[in-house]
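Structure file final-v2.pdb (PDB, C-alpha atoms) is printed below.
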ATOM      1  CA  MET A 110    -110.607  56.887  55.084
ATOM      2  CA  GLU A 111    -109.766  55.992  51.504
ATOM      3  CA  GLN A 112    -106.089  56.161  50.618
ATOM      4  CA  PRO A 113    -105.230  58.983  48.171
ATOM      5  CA  HIS A 114    -104.355  58.074  44.618
ATOM      6  CA  PRO A 115    -100.590  57.923  43.846
ATOM      7  CA  LEU A 116    -100.980  60.728  41.310
ATOM      8  CA  THR A 117    -102.596  62.855  44.018
ATOM      9  CA  GLN A 118     -99.661  62.247  46.335
ATOM     10  CA  VAL A 119     -97.205  63.118  43.589
ATOM     11  CA  GLY A 120     -99.154  66.291  42.808
ATOM     12  CA  LYS A 121     -99.087  67.334  46.460
ATOM     13  CA  ALA A 122     -95.351  66.688  46.692
ATOM     14  CA  VAL A 123     -94.639  68.691  43.546
ATOM     15  CA  SER A 124     -96.844  71.544  44.758
ATOM     16  CA  LEU A 125     -95.050  71.662  48.112
ATOM     17  CA  ILE A 126     -91.656  71.651  46.390
ATOM     18  CA  ILE A 127     -92.683  74.537  44.130
ATOM     19  CA  ILE A 128     -94.087  76.550  47.044
ATOM     20  CA  CYS A 129     -90.947  75.972  49.134
ATOM     21  CA  ALA A 130     -88.765  76.971  46.183
ATOM     22  CA  LEU A 131     -90.748  80.184  45.653
ATOM     23  CA  ILE A 132     -90.145  81.059  49.308
ATOM     24  CA  LEU A 133     -86.569  79.874  49.803
ATOM     25  CA  VAL A 134     -84.944  80.888  46.512
ATOM     26  CA  PRO A 135     -85.492  84.660  46.977
ATOM     27  CA  ILE A 136     -84.117  84.393  50.520
ATOM     28  CA  LEU A 137     -81.100  82.483  49.235
ATOM     29  CA  VAL A 138     -80.535  85.063  46.481
ATOM     30  CA  VAL A 139     -80.618  87.942  48.974
ATOM     31  CA  PHE A 140     -78.210  86.194  51.353
ATOM     32  CA  SER A 141     -75.875  85.076  48.554
ATOM     33  CA  THR A 142     -75.801  88.542  46.996
ATOM     34  CA  SER A 143     -74.840  90.023  50.352
ATOM     35  CA  LEU A 144     -71.839  87.675  50.451
ATOM     36  CA  ALA A 145     -70.686  88.354  46.883
ATOM     37  CA  SER A 146     -68.238  91.016  45.795
ATOM     38  CA  PRO A 147     -69.532  94.119  43.983
ATOM     39  CA  ALA A 148     -67.697  93.042  40.830
ATOM     40  CA  GLU A 149     -69.356  89.632  40.830
ATOM     41  CA  VAL A 150     -72.772  91.190  41.409
ATOM     42  CA  THR A 151     -72.235  93.499  38.438
ATOM     43  CA  GLU A 152     -71.125  90.609  36.217
ATOM     44  CA  ASN A 153     -74.284  88.625  37.095
ATOM     45  CA  GLY A 154     -76.677  91.474  36.430
ATOM     46  CA  GLY A 155     -77.280  92.489  40.041
ATOM     47  CA  TRP A 156     -78.074  89.129  41.656
ATOM     48  CA  VAL A 157     -75.932  86.167  42.678
ATOM     49  CA  LEU A 158     -77.254  82.733  43.587
ATOM     50  CA  PHE A 159     -73.962  81.025  44.452
ATOM     51  CA  PRO A 160     -71.037  83.431  45.083
ATOM     52  CA  THR A 161     -67.679  82.106  43.906
ATOM     53  CA  GLU A 162     -65.686  83.955  46.566
ATOM     54  CA  PRO A 163     -67.952  84.677  49.573
ATOM     55  CA  THR A 164     -66.911  87.585  51.748
ATOM     56  CA  LEU A 165     -68.290  89.342  54.818
ATOM     57  CA  GLN A 166     -66.922  92.709  53.766
ATOM     58  CA  ALA A 167     -70.386  94.195  53.251
ATOM     59  CA  TYR A 168     -71.445  93.244  56.795
ATOM     60  CA  GLN A 169     -68.195  94.607  58.239
ATOM     61  CA  ASP A 170     -68.701  97.912  56.443
ATOM     62  CA  ILE A 171     -72.364  98.491  57.388
ATOM     63  CA  LEU A 172     -71.798  97.403  61.014
ATOM     64  CA  SER A 173     -68.612  99.412  61.533
ATOM     65  CA  GLY A 174     -70.309 102.177  63.515
ATOM     66  CA  GLY A 175     -72.101 104.067  60.754
ATOM     67  CA  THR A 176     -75.714 104.576  59.786
ATOM     68  CA  ILE A 177     -76.812 100.935  60.006
ATOM     69  CA  THR A 178     -75.272 100.384  63.444
ATOM     70  CA  ARG A 179     -76.994 103.465  64.830
ATOM     71  CA  SER A 180     -80.350 102.620  63.271
ATOM     72  CA  LEU A 181     -80.089  99.014  64.471
ATOM     73  CA  ALA A 182     -79.640 100.208  68.052
ATOM     74  CA  VAL A 183     -82.637 102.519  67.627
ATOM     75  CA  SER A 184     -84.799  99.660  66.315
ATOM     76  CA  VAL A 185     -83.825  97.398  69.202
ATOM     77  CA  GLY A 186     -84.633 100.111  71.739
ATOM     78  CA  ILE A 187     -87.988 100.970  70.169
ATOM     79  CA  THR A 188     -88.932  97.289  69.907
ATOM     80  CA  VAL A 189     -88.032  96.466  73.507
ATOM     81  CA  VAL A 190     -89.611  99.550  75.076
ATOM     82  CA  GLY A 191     -92.620  99.526  72.756
ATOM     83  CA  THR A 192     -93.353  95.853  73.356
ATOM     84  CA  ALA A 193     -93.135  96.346  77.119
ATOM     85  CA  VAL A 194     -95.469  99.368  77.006
ATOM     86  CA  SER A 195     -97.914  97.600  74.702
ATOM     87  CA  LEU A 196     -98.031  94.441  76.794
ATOM     88  CA  PHE A 197     -98.581  96.445  79.967
ATOM     89  CA  GLY A 198    -101.438  98.422  78.441
ATOM     90  CA  THR A 199    -103.006  95.426  76.711
ATOM     91  CA  ILE A 200    -102.848  93.144  79.755
ATOM     92  CA  THR A 201    -104.283  95.687  82.186
ATOM     93  CA  LEU A 202    -107.058  96.846  79.844
ATOM     94  CA  ALA A 203    -107.933  93.282  78.795
ATOM     95  CA  TYR A 204    -108.181  92.227  82.436
ATOM     96  CA  VAL A 205    -110.485  95.125  83.259
ATOM     97  CA  LEU A 206    -112.712  94.381  80.253
ATOM     98  CA  SER A 207    -112.897  90.703  81.185
ATOM     99  CA  ARG A 208    -114.296  91.317  84.687
ATOM    100  CA  GLU A 209    -118.100  91.236  84.650
ATOM    101  CA  HIS A 210    -118.438  93.174  87.899
ATOM    102  CA  PHE A 211    -116.748  96.234  86.375
ATOM    103  CA  SER A 212    -119.628  98.667  85.795
ATOM    104  CA  LEU A 213    -118.064 100.529  82.858
ATOM    105  CA  ARG A 214    -117.001  97.377  81.055
ATOM    106  CA  LYS A 215    -119.480  97.577  78.154
ATOM    107  CA  PRO A 216    -119.129 101.319  77.384
ATOM    108  CA  LEU A 217    -115.354 101.039  77.492
ATOM    109  CA  LEU A 218    -115.413  97.963  75.263
ATOM    110  CA  LEU A 219    -117.632  99.783  72.750
ATOM    111  CA  MET A 220    -115.196 102.697  72.692
ATOM    112  CA  VAL A 221    -112.308 100.336  72.028
ATOM    113  CA  LEU A 222    -114.151  98.499  69.254
ATOM    114  CA  PHE A 223    -115.188 101.804  67.687
ATOM    115  CA  THR A 224    -111.520 102.682  67.110
ATOM    116  CA  PHE A 225    -111.106  99.280  65.446
ATOM    117  CA  LEU A 226    -114.046  99.765  63.080
ATOM    118  CA  PHE A 227    -113.285 103.418  62.307
ATOM    119  CA  PRO A 228    -109.516 103.941  62.508
ATOM    120  CA  PRO A 229    -108.209 107.519  62.229
ATOM    121  CA  GLY A 230    -106.481 108.594  59.047
ATOM    122  CA  MET A 231    -102.919 109.717  58.614
ATOM    123  CA  LEU A 232    -103.640 113.444  58.901
ATOM    124  CA  PRO A 233    -105.637 113.255  62.181
ATOM    125  CA  GLY A 234    -102.955 111.009  63.628
ATOM    126  CA  TYR A 235    -100.245 113.478  62.669
ATOM    127  CA  LEU A 236    -102.179 116.365  64.199
ATOM    128  CA  VAL A 237    -102.637 114.438  67.446
ATOM    129  CA  VAL A 238     -98.936 113.602  67.634
ATOM    130  CA  LYS A 239     -98.048 117.216  66.890
ATOM    131  CA  GLY A 240    -100.549 118.509  69.449
ATOM    132  CA  LEU A 241     -99.052 116.286  72.143
ATOM    133  CA  GLY A 242     -95.565 117.558  71.364
ATOM    134  CA  LEU A 243     -94.272 114.144  70.296
ATOM    135  CA  LEU A 244     -92.843 115.152  66.920
ATOM    136  CA  ASP A 245     -89.193 114.176  66.482
ATOM    137  CA  SER A 246     -89.523 111.947  69.554
ATOM    138  CA  TYR A 247     -89.318 108.162  69.769
ATOM    139  CA  TRP A 248     -92.542 108.154  71.771
ATOM    140  CA  ALA A 249     -94.323 109.144  68.559
ATOM    141  CA  LEU A 250     -93.477 105.652  67.267
ATOM    142  CA  ILE A 251     -94.786 103.894  70.392
ATOM    143  CA  LEU A 252     -97.710 105.655  72.040
ATOM    144  CA  PRO A 253    -100.062 106.024  69.011
ATOM    145  CA  VAL A 254     -99.912 102.257  68.392
ATOM    146  CA  ALA A 255     -99.399 101.100  71.965
ATOM    147  CA  ILE A 256    -102.606  99.020  72.114
ATOM    148  CA  ASN A 257    -103.810  96.971  69.171
ATOM    149  CA  VAL A 258    -107.534  96.207  69.385
ATOM    150  CA  PHE A 259    -107.158  92.806  67.743
ATOM    151  CA  ASN A 260    -104.550  91.742  70.304
ATOM    152  CA  LEU A 261    -106.676  93.213  73.081
ATOM    153  CA  VAL A 262    -109.739  91.178  72.076
ATOM    154  CA  ILE A 263    -107.705  87.960  71.940
ATOM    155  CA  MET A 264    -106.218  88.537  75.381
ATOM    156  CA  ARG A 265    -109.589  89.527  76.834
ATOM    157  CA  GLY A 266    -111.110  86.306  75.498
ATOM    158  CA  PHE A 267    -108.327  84.302  77.074
ATOM    159  CA  PHE A 268    -108.838  85.959  80.453
ATOM    160  CA  GLN A 269    -112.577  85.309  80.243
ATOM    161  CA  GLY A 270    -111.887  81.636  79.566
ATOM    162  CA  LEU A 271    -110.036  81.104  82.830
ATOM    163  CA  PRO A 272    -112.116  79.199  85.425
ATOM    164  CA  GLN A 273    -114.229  81.502  87.554
ATOM    165  CA  GLU A 274    -113.490  79.290  90.562
ATOM    166  CA  LEU A 275    -109.899  80.562  90.579
ATOM    167  CA  TYR A 276    -111.080  84.148  90.962
ATOM    168  CA  ASP A 277    -113.579  83.205  93.657
ATOM    169  CA  ALA A 278    -111.010  81.231  95.646
ATOM    170  CA  ALA A 279    -108.536  84.116  95.485
ATOM    171  CA  ARG A 280    -111.107  86.606  96.718
ATOM    172  CA  ILE A 281    -112.103  84.305  99.579
ATOM    173  CA  ASP A 282    -108.436  84.310 100.605
ATOM    174  CA  GLY A 283    -108.502  88.115 100.626
ATOM    175  CA  ALA A 284    -106.657  88.768  97.360
ATOM    176  CA  GLY A 285    -107.279  92.054  95.589
ATOM    177  CA  GLU A 286    -107.543  92.602  91.841
ATOM    178  CA  LEU A 287    -103.838  93.349  91.448
ATOM    179  CA  THR A 288    -102.873  90.212  93.354
ATOM    180  CA  VAL A 289    -105.261  88.106  91.277
ATOM    181  CA  LEU A 290    -103.782  89.519  88.093
ATOM    182  CA  LEU A 291    -100.150  89.055  89.085
ATOM    183  CA  ARG A 292    -100.313  85.704  90.889
ATOM    184  CA  ILE A 293    -103.124  83.853  89.118
ATOM    185  CA  VAL A 294    -103.968  85.321  85.715
ATOM    186  CA  LEU A 295    -100.503  86.102  84.382
ATOM    187  CA  PRO A 296     -98.881  82.734  85.260
ATOM    188  CA  LEU A 297    -101.749  80.963  83.469
ATOM    189  CA  SER A 298    -101.540  83.262  80.447
ATOM    190  CA  ARG A 299     -97.917  82.826  79.418
ATOM    191  CA  ALA A 300     -98.845  81.360  76.045
ATOM    192  CA  VAL A 301    -101.118  84.186  74.916
ATOM    193  CA  ILE A 302     -98.760  86.814  76.361
ATOM    194  CA  ALA A 303     -95.845  85.322  74.405
ATOM    195  CA  VAL A 304     -97.849  85.366  71.163
ATOM    196  CA  ILE A 305     -99.175  88.894  71.647
ATOM    197  CA  GLY A 306     -95.708  90.051  72.633
ATOM    198  CA  LEU A 307     -94.310  88.637  69.399
ATOM    199  CA  PHE A 308     -97.043  90.368  67.402
ATOM    200  CA  TYR A 309     -96.157  93.691  69.003
ATOM    201  CA  ALA A 310     -92.407  93.146  68.612
ATOM    202  CA  VAL A 311     -92.729  92.318  64.912
ATOM    203  CA  GLY A 312     -94.954  95.346  64.399
ATOM    204  CA  TYR A 313     -92.486  97.730  66.045
ATOM    205  CA  TRP A 314     -89.517  96.131  64.308
ATOM    206  CA  ASN A 315     -91.033  96.332  60.817
ATOM    207  CA  SER A 316     -92.528  99.813  61.154
ATOM    208  CA  PHE A 317     -90.870 102.436  58.957
ATOM    209  CA  PHE A 318     -93.545 104.876  57.756
ATOM    210  CA  SER A 319     -94.190 106.324  61.220
ATOM    211  CA  ALA A 320     -90.507 107.137  61.602
ATOM    212  CA  ILE A 321     -90.369 108.898  58.238
ATOM    213  CA  LEU A 322     -93.564 110.796  59.104
ATOM    214  CA  TYR A 323     -92.814 111.844  62.680
ATOM    215  CA  LEU A 324     -88.997 112.010  62.917
ATOM    216  CA  ASN A 325     -87.575 115.023  61.093
ATOM    217  CA  ASP A 326     -84.015 114.130  62.067
ATOM    218  CA  SER A 327     -82.993 111.172  59.913
ATOM    219  CA  SER A 328     -80.228 110.259  62.370
ATOM    220  CA  LYS A 329     -82.999 109.022  64.679
ATOM    221  CA  TRP A 330     -84.532 106.707  62.099
ATOM    222  CA  PRO A 331     -84.845 102.977  62.930
ATOM    223  CA  LEU A 332     -83.396 100.288  60.718
ATOM    224  CA  GLN A 333     -86.491  99.686  58.592
ATOM    225  CA  ALA A 334     -86.785 103.369  57.667
ATOM    226  CA  VAL A 335     -83.118 103.451  56.707
ATOM    227  CA  LEU A 336     -83.549 100.252  54.694
ATOM    228  CA  GLN A 337     -86.556 101.660  52.836
ATOM    229  CA  THR A 338     -84.611 104.807  51.960
ATOM    230  CA  VAL A 339     -81.503 102.898  50.916
ATOM    231  CA  VAL A 340     -83.315 100.435  48.658
ATOM    232  CA  THR A 341     -85.921 102.714  47.053
ATOM    233  CA  LYS A 342     -84.217 106.119  47.018
ATOM    234  CA  GLY A 343     -80.601 105.097  46.602
ATOM    235  CA  ALA A 344     -79.179 106.656  49.767
ATOM    236  CA  ASN A 345     -75.513 106.109  50.559
ATOM    237  CA  LEU A 346     -74.463 103.978  53.542
ATOM    238  CA  GLY A 347     -70.882 105.006  53.554
ATOM    239  CA  GLY A 348     -70.954 107.872  56.049
ATOM    240  CA  ASN A 349     -72.264 108.948  59.429
ATOM    241  CA  THR A 350     -73.961 112.091  58.156
ATOM    242  CA  THR A 351     -77.716 112.418  58.169
ATOM    243  CA  ASP A 352     -77.764 114.109  54.773
ATOM    244  CA  ALA A 353     -77.010 110.782  53.088
ATOM    245  CA  LEU A 354     -80.464 109.493  53.963
ATOM    246  CA  SER A 355     -82.426 112.595  53.099
ATOM    247  CA  ASP A 356     -80.598 113.482  49.885
ATOM    248  CA  SER A 357     -82.469 111.891  47.005
ATOM    249  CA  GLY A 358     -79.490 112.538  44.725
ATOM    250  CA  ALA A 359     -77.044 110.517  46.813
ATOM    251  CA  VAL A 360     -74.997 107.799  45.191
ATOM    252  CA  ALA A 361     -76.782 104.474  45.549
ATOM    253  CA  ALA A 362     -75.283 101.955  47.929
ATOM    254  CA  PRO A 363     -73.805  98.854  46.248
ATOM    255  CA  GLN A 364     -76.181  95.929  45.803
ATOM    256  CA  THR A 365     -74.175  93.855  48.266
ATOM    257  CA  TYR A 366     -74.639  96.518  50.957
ATOM    258  CA  GLN A 367     -78.365  96.720  50.298
ATOM    259  CA  MET A 368     -78.816  92.959  50.577
ATOM    260  CA  ALA A 369     -76.633  92.822  53.695
ATOM    261  CA  THR A 370     -78.888  95.455  55.251
ATOM    262  CA  VAL A 371     -81.940  93.351  54.369
ATOM    263  CA  VAL A 372     -80.382  90.311  56.043
ATOM    264  CA  VAL A 373     -79.533  92.303  59.185
ATOM    265  CA  ALA A 374     -83.139  93.558  59.326
ATOM    266  CA  VAL A 375     -84.601  90.044  59.011
ATOM    267  CA  ILE A 376     -82.309  87.947  61.216
ATOM    268  CA  PRO A 377     -83.520  89.131  64.687
ATOM    269  CA  ILE A 378     -87.124  88.094  64.041
ATOM    270  CA  LEU A 379     -86.007  84.786  62.517
ATOM    271  CA  ILE A 380     -84.013  84.057  65.666
ATOM    272  CA  ILE A 381     -86.866  84.882  68.057
ATOM    273  CA  TYR A 382     -89.718  83.245  66.148
ATOM    274  CA  PRO A 383     -88.761  79.549  66.703
ATOM    275  CA  PHE A 384     -88.823  80.045  70.476
ATOM    276  CA  ILE A 385     -92.359  81.510  70.351
ATOM    277  CA  GLN A 386     -93.820  79.267  67.661
ATOM    278  CA  LYS A 387     -94.930  76.549  70.095
ATOM    279  CA  TYR A 388     -97.252  79.042  71.796
ATOM    280  CA  PHE A 389     -99.120  80.100  68.651
ATOM    281  CA  THR A 390    -101.779  77.406  68.521
ATOM    282  CA  LYS A 391    -102.401  77.410  72.252
ATOM    283  CA  GLY A 392    -102.331  81.171  72.636
ATOM    284  CA  VAL A 393    -104.134  82.553  69.623
ATOM    285  CA  LEU A 394    -106.722  79.821  69.045
ATOM    286  CA  THR A 395    -107.670  79.584  72.712
ATOM    287  CA  GLY A 396    -108.149  83.336  72.959
ATOM    288  CA  ALA A 397    -110.126  83.465  69.725
ATOM    289  CA  ILE A 398    -112.409  80.518  70.499
ATOM    290  CA  LYS A 399    -113.269  81.720  73.998
ATOM    291  CA  SER A 400    -113.777  85.363  73.031
TER     292      SER A 400
END
Using structure tokens, write down the structure from this file.
Amino acid sequence: MEQPHPLTQVGKAVSLIIICALILVPILVVFSTSLASPAEVTENGGWVLFPTEPTLQAYQDILSGGTITRSLAVSVGITVVGTAVSLFGTITLAYVLSREHFSLRKPLLLMVLFTFLFPPGMLPGYLVVKGLGLLDSYWALILPVAINVFNLVIMRGFFQGLPQELYDAARIDGAGELTVLLRIVLPLSRAVIAVIGLFYAVGYWNSFFSAILYLNDSSKWPLQAVLQTVVTKGANLGGNTTDALSDSGAVAAPQTYQMATVVVAVIPILIIYPFIQKYFTKGVLTGAIKS
């Protein structure tokens, strides 16, 4: 292969530097602003790139047992329980749809794909949640989105790509479907399960509109819903009352508190992602190619 021209290499390097700067500088500004004092933020017009006297006071205040602490615990609980429920439903349904001897495989698959091509709107979804009695319940944030069709198709393709000889050998040894799933399929599917699990976890963690729509009590809101209200509507973070989040006339939280809340909302996913990253290529591409 012909070596690239030096100007081409320089152009690529400059492009990469610009792209990295466009990504990293906003993150640095948010983190630096969260460490600056309110006075310094005001002097710099609302944003600080390099704080002169960094302080963790904003983090101490928002994590001192008030609104952010409560909403953070809610987000963690919803993410953990929701991911577990979603993985259970996706794995079991994907395994059933991957078995050719299952007589209802094609009709069930068509029903699943139909929901992917024609998703319900907001109003029908709200009526279903209300009809099931899930309003103002955390299950309203989990059950309606428990199984994602895209993730289901990827996992089904991965299961179909496993050697048929493994299934035949297990059945010769007298293993049932549950034993095959638990002892053969799942150990060989750790990569795709890790990737799909991360997809579900990120989805539950970042979801905020469902909480605002289905949870009338703002004290039950997860972190992302609180963050959206704080940043866009100017809610106050200073107290434990629920009126602070629902009152549009509340005094806006200081910029340092808002940015500290953003950092707290982003850090958990940033910590988990590096441990799952190695599974992305093997999990997603394998499932997609063999589907």
Contacts of region 247-260 of chain A within 6 Å, all atoms listed in the file, excl. fewer than 5 positions in-chain, as a PyMOL selection string: chain A and resi 191+195+199
Write the selection just made, keeping C-alpha atoms, as a PDB file, keeping the file's coordinate frame?
ATOM      1  CA  GLY A 191     -92.620  99.526  72.756  1.00  0.00           C
ATOM      2  CA  SER A 195     -97.914  97.600  74.702  1.00  0.00           C
ATOM      3  CA  THR A 199    -103.006  95.426  76.711  1.00  0.00           C
TER       4      THR A 199
END
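From CA of Ile305 (chain A) back to CA of Leu196 (chain A), the distance works out to 7.7 Å.
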Using the chain letters and numbers from the file, which residues does the PyMOL selection byres ((chain A and resi 366) around 8) grab, as a VMD selection string? chain A and resid 143 167 to 168 171 346 362 to 365 367 to 370
Mind giving me the axis-aligned box for region 245-259 of chain A with 3 Å on every side, centre plus edges in Å to one decimal, as JSON?
{"center_x": -98.4, "center_y": 103.5, "center_z": 69.3, "size_x": 24.3, "size_y": 27.4, "size_z": 11.6}
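Here CA of Ser298 (chain A) is placed at a distance of 7.8 Å from CA of Phe268 (chain A).
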Around (-89.2, 96.4, 66.7) in the file's frame, which residues reach within 7 Å when counting only C-alpha atoms? Return as a PyMOL selection string? chain A and resi 184-185+187-189+310-315
Do you know which residues the PyMOL selection byres ((chain A and resi 323) around 7) returns on this file, as a PyMOL selection string? chain A and resi 244-245+249+319-322+324-325
Output file for the residues above (C-alpha atoms, as a tab-separated table (two decimals), keeping the file's coordinate frame):
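again-v1.tsv, written as the output of this step:
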chain	number	residue	atom	x	y	z
A	244	LEU	CA	-92.84	115.15	66.92
A	245	ASP	CA	-89.19	114.18	66.48
A	249	ALA	CA	-94.32	109.14	68.56
A	319	SER	CA	-94.19	106.32	61.22
A	320	ALA	CA	-90.51	107.14	61.60
A	321	ILE	CA	-90.37	108.90	58.24
A	322	LEU	CA	-93.56	110.80	59.10
A	324	LEU	CA	-89.00	112.01	62.92
A	325	ASN	CA	-87.58	115.02	61.09
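For the point (-76.0, 80.6, 38.7), the residues with an atom at a distance of at most 12 Å are Val134, Leu137, Val138, Ser141, Thr142, Glu149, Val150, Glu152, Asn153, Gly154, Trp156, Val157, Leu158, Phe159, Pro160 and Thr161 of chain A, counting all atoms listed in the file.
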Name the residues captured by the PyMOL selection byres ((chain A and resi 329-333) around 8) when it is applied to the shown file; answer as a list in words. Ile177, Ser180, Leu181, Ala182, Val183, Ser184, Trp314, Asn315, Ser316, Phe317, Ala320, Ile321, Leu324, Asp326, Ser327, Ser328, Ala334, Val335, Leu336, Gln337 and Ala374 of chain A
